[in-house]
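To start, the structure under review is shown below, and the notes come after it.
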Amino acid sequence: MCGIIGYVGPKRATPILLEGLKRLEYRGYDSAGVAVGLPGSLTVVKKTGKIAALRSVTPKELPGNWGIGHTRWATHGGVNDVNAHPHLDSSGKIAVVHNGIIENYRTLRGMLEHDGVVFKSDTDSEVIPNLIARYFEGDLEAAVKAALNHLEGTYGIAVVHADRPGEIVGARNGSPLVIGIGEGEMLLASDVTAMIAHTKQVVYLNDGEVVFIDAEGYRTTDRDDQPVRKQVDEVTWELNHIEKGDYPCYMEKEIFEQPESIARALSGRIERDIATAKLGGLNLDRRHLREVNRVRIIAAGTSWHAGLVGASLLESVARIPAQAELASELRYRNPVVEKDSLWFAVSQSGETADTLYAMREIKRKGGTVLGICNVVGSTIARESDGGVYVHSGPEIAVASTKAFTSQLAAFYLFTLFEARMRDLSQEEGKRFVEALESVPAAVAKVLAGRDEIQRIGKKYSKARDFLFLGRGLMYPIALEGALKLKEISYIHAEGYASGEIKHGPIALVSEEVPSVFIVPNDGLREKNISNMREIKARGGPIIAVGVEGDEEVASIADDFIATPRMDPRFYPFTMVVPLQLLAYFCALDLGRDVDQPRNLAKSVTVE
Ligand code: M6R
């Protein structure tokens, strides 16, 4: 949450900061601001709203070749120009952008007010420049380090001082920060998307580290001033991966990328001759993996839904008991970490605070945690004991789509690997591999039905409530369909296990409340059909996502979305896609901001 960018070099800083903020906008879009330096003074421009609003009030030729910028997702203090970052100390010489939460800010604010500091904003962040000012005696890095000793909570910060031209100091504790090494110029940002246009050489900071940058280079230390040696990484993707191309928005682009992104997640990871999977990044020996007696999965939101599918699959195919839990709940439950359990932390961004902190707690108790992440170099990926990168490419839209199906692919591969070490025969393994390899083409076929799904989206977009219903592997898909719809269209939606509707939710059924049934031709089809009839008998409209040629399901439903016939274990891939499209077209019809829905942000780095 919140995006940070800093630049120092020979060029004018403002266009680089604004362009970087635009790329970071998905991290938060309540307000934005920049502080640009000229020797002896800082120019600060801040504005409520998106980067376009900031751009419109920023002087075109603002001079200065070093500065910092911020795009905000509000935590403390309302959404207004004053609470927007950067925040200045009371002399106006020091500017700070901050991502995170300063938990002891009330105490610090009281202490600073007692010393005569007058605060302008309602934020927790404004204490930071004022604390730095208290310690500044000509050395900005030293003053930042002294101030950090007082801060409790989480932060990724970037700091400039009007009297230290060409210098930026950054520090990280719980909120990501990456250094970008350019040719005679340096950048600092909360993620690499902000600087990919300028450099591919990056250095990821760890918690507790501080960086000093100027146009010539950087140095990293810990808060006690001890030097820290860092590795330089090369970003492997290109600028066009984070551009919309011909699509009207990122969500549509990302939905339509799924045949390729799923294929990428599988690529090089299947050993056809022995019908198993090859996952090089697990960093665990075979015996360890063979002796796993329970798999536990932690995640949030859509990643949790992928974990629910993974758990169900591991249990039914590999015969390993498995559970997926909300990281935000598990963390505070003092979980039992058994010796023979293997944990997975699933996260597209690899930065979700709930998942990260839960993972740290499990590791502290001696548990082995593997990551399933998309963002290379993200904190969860780096702090886990090993894992699987899903390689779906940058996902920019707030609503997760292609990362979900790639997370599924990772679970299918891991399940195959474990199952083949246990009771799955080579013959059965081969069938599993063939079905898995058929997924990208099947998803492409579903996507070809976009016009029909658009028609259905338009037909139902004025409904105020929706139910999403599925059984077995389709229950998490129902949850995911409901989440997609509510987060981007703001239509209230509930996902339920179909068998549960008669235990309460059926009271909601009326002519105004559409039910979306997910009905594959699996062993639960008849049960689903009975539930559909129960809804129908009460006048509820039904949209069914089913299998091509299933006349019975099509005849009960008011609207029917046909998907290709598959091995029943693989329907999560194909049946989630129509739900993504349905949510998308409903939101589009309602004129919503699909990529950046209200109140949300892509990377949730606060608890
Ligand atoms: O980056 P993560 O996968 O850890 O994010 C978890 C959730 O915040 C995320 O899936 C969220 O629910 C999405 N907006 C869903 O589309």
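Ordering of the structure tokens sets the chain letters (A, B, ...), residue numbers begin anew at 1 in every chain, and ligands are numbered from 1 in the order given.
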| task | Name each residue within 10 Å of ligand 1, counting only C-alpha atoms and all ligand atoms, as a ChimeraX atom specification. | result | /A:298-306,327,345-356,372-375,380,395,397-401,403-404,407,480-481,483-488,580,596-597,600-605
| Looking only at the backbone, which of the residues in stretch 13-185 of chain A does DSSP tag as strand (DSSP E or B), as JSON, numbers by chain? | {"A": [31, 32, 33, 34, 35, 36, 37, 38, 41, 42, 43, 44, 45, 46, 47, 48, 66, 67, 68, 69, 70, 71, 72, 87, 88, 94, 95, 96, 97, 98, 99, 102, 153, 155, 156, 157, 158, 159, 160, 161, 168, 169, 170, 171, 172, 173, 174, 178, 179, 180, 181]}
| said: Quick one: residues within 9 Å of stretch 427-442 of chain A, only C-alpha atoms, excluding same-chain residues fewer than 4 positions away - as an MDAnalysis selection string? | reply: chainID A and resid 258:263 266 270:277 409 412:413 416 419:420 446:447 563:567 569:570 573:574
| request: Record the distance separating atom CA of A:Ser461 and atom CA of A:Asp589, expressed in Å with one decimal. | output: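 Interatomic distance, atom CA of A:Ser461 to atom CA of A:Asp589: 6.7 Å.
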| said: Which residues are close to A:Ile51, i.e. within 9 Å by only C-alpha atoms, leaving aside same-chain residues fewer than 6 positions away? Reply as number ranges by chain. | reply: A: 18-19, 21-22, 25, 29, 31-33, 71
| Given only C-alpha atoms as the counted atoms, nearest of A:Gly69, A:Gly153, A:Gly28, A:Pro15 to A:Lys50 | A:Gly28
| task | Measuring atom to atom with only C-alpha atoms, identify which of A:Glu234, A:Ile101, A:Ile179, A:Gly281 is nearest to A:Tyr155. | result | A:Ile101
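Omitting A:Arg264 and its sequence neighbours fewer than 5 positions away, and counting only C-alpha atoms, the residues within 9 Å are Pro259, Val390, His391, Ser392 and Ser406 of chain A.
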| said: Measuring between only C-alpha atoms, which one of A:Ser555, A:Ile561, A:Val577, A:Gly100 shows the shortest distance to A:Ala478? | reply: A:Val577
| message | I'd like the neighbourhood of A:Pro321 as JSON, numbers by chain, where a residue qualifies if any of its atoms comes within 8 Å (using only C-alpha atoms), though same-chain residues fewer than 4 positions away should be ignored. | response | {"A": [293, 294, 295, 311, 314, 315]}
Go ahead and save the residues from that selection, with C-alpha atoms, as a PDB file, in the first residue's frame.
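What follows is the written file result-v1.pdb:
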ATOM      1  CA  ASN A 293       2.201 -35.566   6.807  1.00  0.00           C
ATOM      2  CA  ARG A 294       0.180 -32.392   6.590  1.00  0.00           C
ATOM      3  CA  VAL A 295       0.174 -29.333   4.360  1.00  0.00           C
ATOM      4  CA  ALA A 311      -5.682 -28.048  -0.096  1.00  0.00           C
ATOM      5  CA  LEU A 314      -3.603 -32.331  -2.133  1.00  0.00           C
ATOM      6  CA  GLU A 315      -5.995 -34.242   0.022  1.00  0.00           C
TER       7      GLU A 315
END
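The closest residue to A:Tyr26, picked from A:Thr193, A:Asn173, A:Thr236, A:Thr58 and counting only C-alpha atoms, is A:Thr193.
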| said: What's around A:Pro39 at 12 Å? Count only C-alpha atoms, leave out sequence neighbours fewer than 2 positions away in its own chain, and write the answer as a ChimeraX atom specification. | reply: /A:36-37,41-43,63-67,93,160-167
Residue subset to file, keeping N, CA and C atoms, as a PDB file, in the first residue's frame:
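Writing done, so here's part23.pdb:
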ATOM      1  N   VAL A  36      10.465  18.224  -4.750  1.00  0.00           N
ATOM      2  CA  VAL A  36      11.601  18.307  -5.662  1.00  0.00           C
ATOM      3  C   VAL A  36      12.557  19.367  -5.127  1.00  0.00           C
ATOM      4  N   GLY A  37      13.867  19.027  -5.175  1.00  0.00           N
ATOM      5  CA  GLY A  37      14.837  19.911  -4.534  1.00  0.00           C
ATOM      6  C   GLY A  37      15.591  20.803  -5.482  1.00  0.00           C
ATOM      7  N   SER A  41      16.176  24.817  -1.078  1.00  0.00           N
ATOM      8  CA  SER A  41      14.713  24.805  -0.932  1.00  0.00           C
ATOM      9  C   SER A  41      14.104  23.563  -1.582  1.00  0.00           C
ATOM     10  N   LEU A  42      12.909  23.254  -1.097  1.00  0.00           N
ATOM     11  CA  LEU A  42      12.157  22.135  -1.674  1.00  0.00           C
ATOM     12  C   LEU A  42      10.839  22.663  -2.198  1.00  0.00           C
ATOM     13  N   THR A  43      10.413  22.194  -3.373  1.00  0.00           N
ATOM     14  CA  THR A  43       9.067  22.525  -3.847  1.00  0.00           C
ATOM     15  C   THR A  43       8.202  21.294  -3.623  1.00  0.00           C
ATOM     16  N   PRO A  63      11.970  22.991 -11.905  1.00  0.00           N
ATOM     17  CA  PRO A  63      13.375  22.592 -11.954  1.00  0.00           C
ATOM     18  C   PRO A  63      13.739  21.706 -10.757  1.00  0.00           C
ATOM     19  N   GLY A  64      14.948  21.178 -10.769  1.00  0.00           N
ATOM     20  CA  GLY A  64      15.413  20.329  -9.664  1.00  0.00           C
ATOM     21  C   GLY A  64      15.662  18.930 -10.164  1.00  0.00           C
ATOM     22  N   ASN A  65      16.833  18.388  -9.829  1.00  0.00           N
ATOM     23  CA  ASN A  65      17.153  17.055 -10.345  1.00  0.00           C
ATOM     24  C   ASN A  65      17.260  16.002  -9.242  1.00  0.00           C
ATOM     25  N   TRP A  66      16.621  16.286  -8.118  1.00  0.00           N
ATOM     26  CA  TRP A  66      16.469  15.192  -7.155  1.00  0.00           C
ATOM     27  C   TRP A  66      15.172  15.415  -6.397  1.00  0.00           C
ATOM     28  N   GLY A  67      14.528  14.323  -6.038  1.00  0.00           N
ATOM     29  CA  GLY A  67      13.254  14.473  -5.338  1.00  0.00           C
ATOM     30  C   GLY A  67      12.621  13.137  -5.008  1.00  0.00           C
ATOM     31  N   LYS A  93      12.349  22.216   5.531  1.00  0.00           N
ATOM     32  CA  LYS A  93      13.596  21.803   4.854  1.00  0.00           C
ATOM     33  C   LYS A  93      13.648  20.304   4.591  1.00  0.00           C
ATOM     34  N   VAL A 160      14.444  13.602   1.898  1.00  0.00           N
ATOM     35  CA  VAL A 160      15.373  14.581   1.295  1.00  0.00           C
ATOM     36  C   VAL A 160      15.463  15.807   2.200  1.00  0.00           C
ATOM     37  N   HIS A 161      16.583  16.515   2.084  1.00  0.00           N
ATOM     38  CA  HIS A 161      16.786  17.745   2.864  1.00  0.00           C
ATOM     39  C   HIS A 161      17.242  18.834   1.895  1.00  0.00           C
ATOM     40  N   ALA A 162      16.625  19.992   2.000  1.00  0.00           N
ATOM     41  CA  ALA A 162      16.930  21.089   1.074  1.00  0.00           C
ATOM     42  C   ALA A 162      18.419  21.449   1.095  1.00  0.00           C
ATOM     43  N   ASP A 163      19.070  21.282   2.249  1.00  0.00           N
ATOM     44  CA  ASP A 163      20.483  21.662   2.360  1.00  0.00           C
ATOM     45  C   ASP A 163      21.436  20.512   2.047  1.00  0.00           C
ATOM     46  N   ARG A 164      20.906  19.390   1.611  1.00  0.00           N
ATOM     47  CA  ARG A 164      21.752  18.264   1.193  1.00  0.00           C
ATOM     48  C   ARG A 164      21.375  17.906  -0.252  1.00  0.00           C
ATOM     49  N   PRO A 165      21.721  18.805  -1.197  1.00  0.00           N
ATOM     50  CA  PRO A 165      21.303  18.586  -2.580  1.00  0.00           C
ATOM     51  C   PRO A 165      21.819  17.252  -3.130  1.00  0.00           C
ATOM     52  N   GLY A 166      20.965  16.599  -3.886  1.00  0.00           N
ATOM     53  CA  GLY A 166      21.386  15.365  -4.561  1.00  0.00           C
ATOM     54  C   GLY A 166      21.488  14.158  -3.645  1.00  0.00           C
ATOM     55  N   GLU A 167      20.932  14.249  -2.437  1.00  0.00           N
ATOM     56  CA  GLU A 167      20.994  13.091  -1.533  1.00  0.00           C
ATOM     57  C   GLU A 167      19.581  12.609  -1.198  1.00  0.00           C
TER      58      GLU A 167
END
| request: Could you tell me how far atom CA of A:Ile396 lies from atom CA of A:Leu582, in Å and to one decimal? | output: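 Spanning atom CA of A:Ile396 to atom CA of A:Leu582 is a straight-line distance of 19.2 Å.
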| said: I need the residue nearest A:Leu239 from this list: A:Val509, A:His492, A:Glu257, A:Gly393. Use only C-alpha atoms for the distance. | reply: A:Gly393
| task | Would you mind writing down, as number ranges by chain, each residue of stretch 48-84 of chain A that DSSP on the backbone assigns to alpha helix (DSSP H)? | result | A: 51-57
